[in-house]
Amino acid sequence: MKNIKLKVARVEHDISQEELAKRVGVTRQTVGMIEAGKFNPSLQLCVAICKALGKTLNDLFWEENDNEKN
Amino acid sequence: MKKIKKVVDERQELELYKIEHVCFWIVFWLLLGSIIVQSMFLNAPLSQWGFEWSIFMISCGGVMVGCYKKGQWDFYSKPTTKNYLIYSLVGAGAFAIIYAITMYLNHPYLKDNLLALASLTALIFGLLFALIFVALFVSGTLVKKRQQKLENQFSDDDPQ
């Protein structure tokens, strides 16, 4: 399942995958794979990403319906 | 003891674990195959394959101790009597077939006396079946007790 919310939030903050990766201490590939839905991050990493983007876990990782499924 | 700092993130770490997991099991089965070929098919002396066997047993021991400590059993099954029976049948059956083939190839007497070969194979099968079943039963029981202990350790009732 693609994480569109994460990608949108990152673009809103005008930061690249590389920059977000640096802020949360992972590689750019990891951020790319989270956005593409190819890797499920730990709760610890989810929280770090939320803090870096000024969002809550609900904002970025909660799915209300199946609209964002591939 | 100072831990060496990892330079990989959690995704890379998981992927490395998966790679190492696959490679470990490839080496494990190849090593077992090598020991069987040398000891049973080629009739090589213990001095030739003994060191490999020692390494194989160390890896078996390591897996057993690690699984016990963490209360783990298997990826695909639970420690139940039915599974002990299935694994014992498969393990004893596979080894009995290999044993029968090697005995047939290496002993001319048994080539001419298939009834003796079948009896010997059945005996080996029975002994191995019992041995594997007991080993699985004992280790499964220990793992279940360990799981119970670990569950209680992190239950709501315990003060943190």
# chains A, B, ... in the order shown; residues from 1 in each chain; ligands from 1
>>> interface_residues(of="chain B", to="chain A", cutoff="8 Å", atoms="only C-alpha atoms", output="ChimeraX atom specification")
/B:8-11
>>> residues_around(residues="A:Val47", least_positions_apart="3", cutoff="10 Å", atoms="only C-alpha atoms", output="PyMOL selection string")
chain A and resi 24+41-44+50-53+55-57+60-61
>>> residues_around(residues="B:Gln147", least_positions_apart="6", cutoff="8 Å", atoms="only C-alpha atoms", output="PyMOL selection string")
chain B and resi 70-72
>>> write_last_selection(atoms="C-alpha atoms", output="mmCIF file, in the first residue's frame")
data_model
loop_
_atom_site.group_PDB
_atom_site.id
_atom_site.type_symbol
_atom_site.label_atom_id
_atom_site.label_comp_id
_atom_site.auth_asym_id
_atom_site.auth_seq_id
_atom_site.Cartn_x
_atom_site.Cartn_y
_atom_site.Cartn_z
ATOM 1 C CA LYS B 70 13.817 -16.870 22.987
ATOM 2 C CA GLY B 71 11.030 -19.448 23.296
ATOM 3 C CA GLN B 72 10.948 -20.078 19.551
#
>>> select_by_dssp(residues="chain A", states="helix (DSSP H, G or I)", output="number ranges by chain")
A: 4-12, 17-24, 28-35, 43-53, 57-61
>>> closest_residue(among="B:Lys69, B:Val134, B:Ser119, B:Ser88", to="B:Lys149", atoms="only C-alpha atoms")
B:Lys69
>>> residues_around(residues="stretch 122-127 of chain B", least_positions_apart="6", cutoff="9 Å", atoms="only C-alpha atoms", output="MDAnalysis selection string")
chainID B and resid 89 92:93 95:97 99
>>> residues_around(residues="B:Trp49", least_positions_apart="4", cutoff="9 Å", atoms="only C-alpha atoms", output="PyMOL selection string")
chain B and resi 34-35+38-39+44-45+53-54
>>> write_last_selection(atoms="C-alpha atoms", output="PDB file, in the first residue's frame")
ATOM      1  CA  SER B  34      28.703 -33.432   2.418  1.00  0.00           C
ATOM      2  CA  ILE B  35      28.914 -35.409   5.683  1.00  0.00           C
ATOM      3  CA  GLN B  38      31.651 -38.778   2.709  1.00  0.00           C
ATOM      4  CA  SER B  39      30.689 -40.996   5.621  1.00  0.00           C
ATOM      5  CA  ALA B  44      35.624 -42.093   4.262  1.00  0.00           C
ATOM      6  CA  PRO B  45      37.273 -42.359   7.705  1.00  0.00           C
ATOM      7  CA  TRP B  53      30.538 -32.934  11.647  1.00  0.00           C
ATOM      8  CA  SER B  54      31.785 -30.973  14.680  1.00  0.00           C
TER       9      SER B  54
END
>>> residues_around(residues="stretch 101-114 of chain B", least_positions_apart="6", cutoff="9 Å", atoms="only C-alpha atoms", output="ChimeraX atom specification")
/B:40-41,43
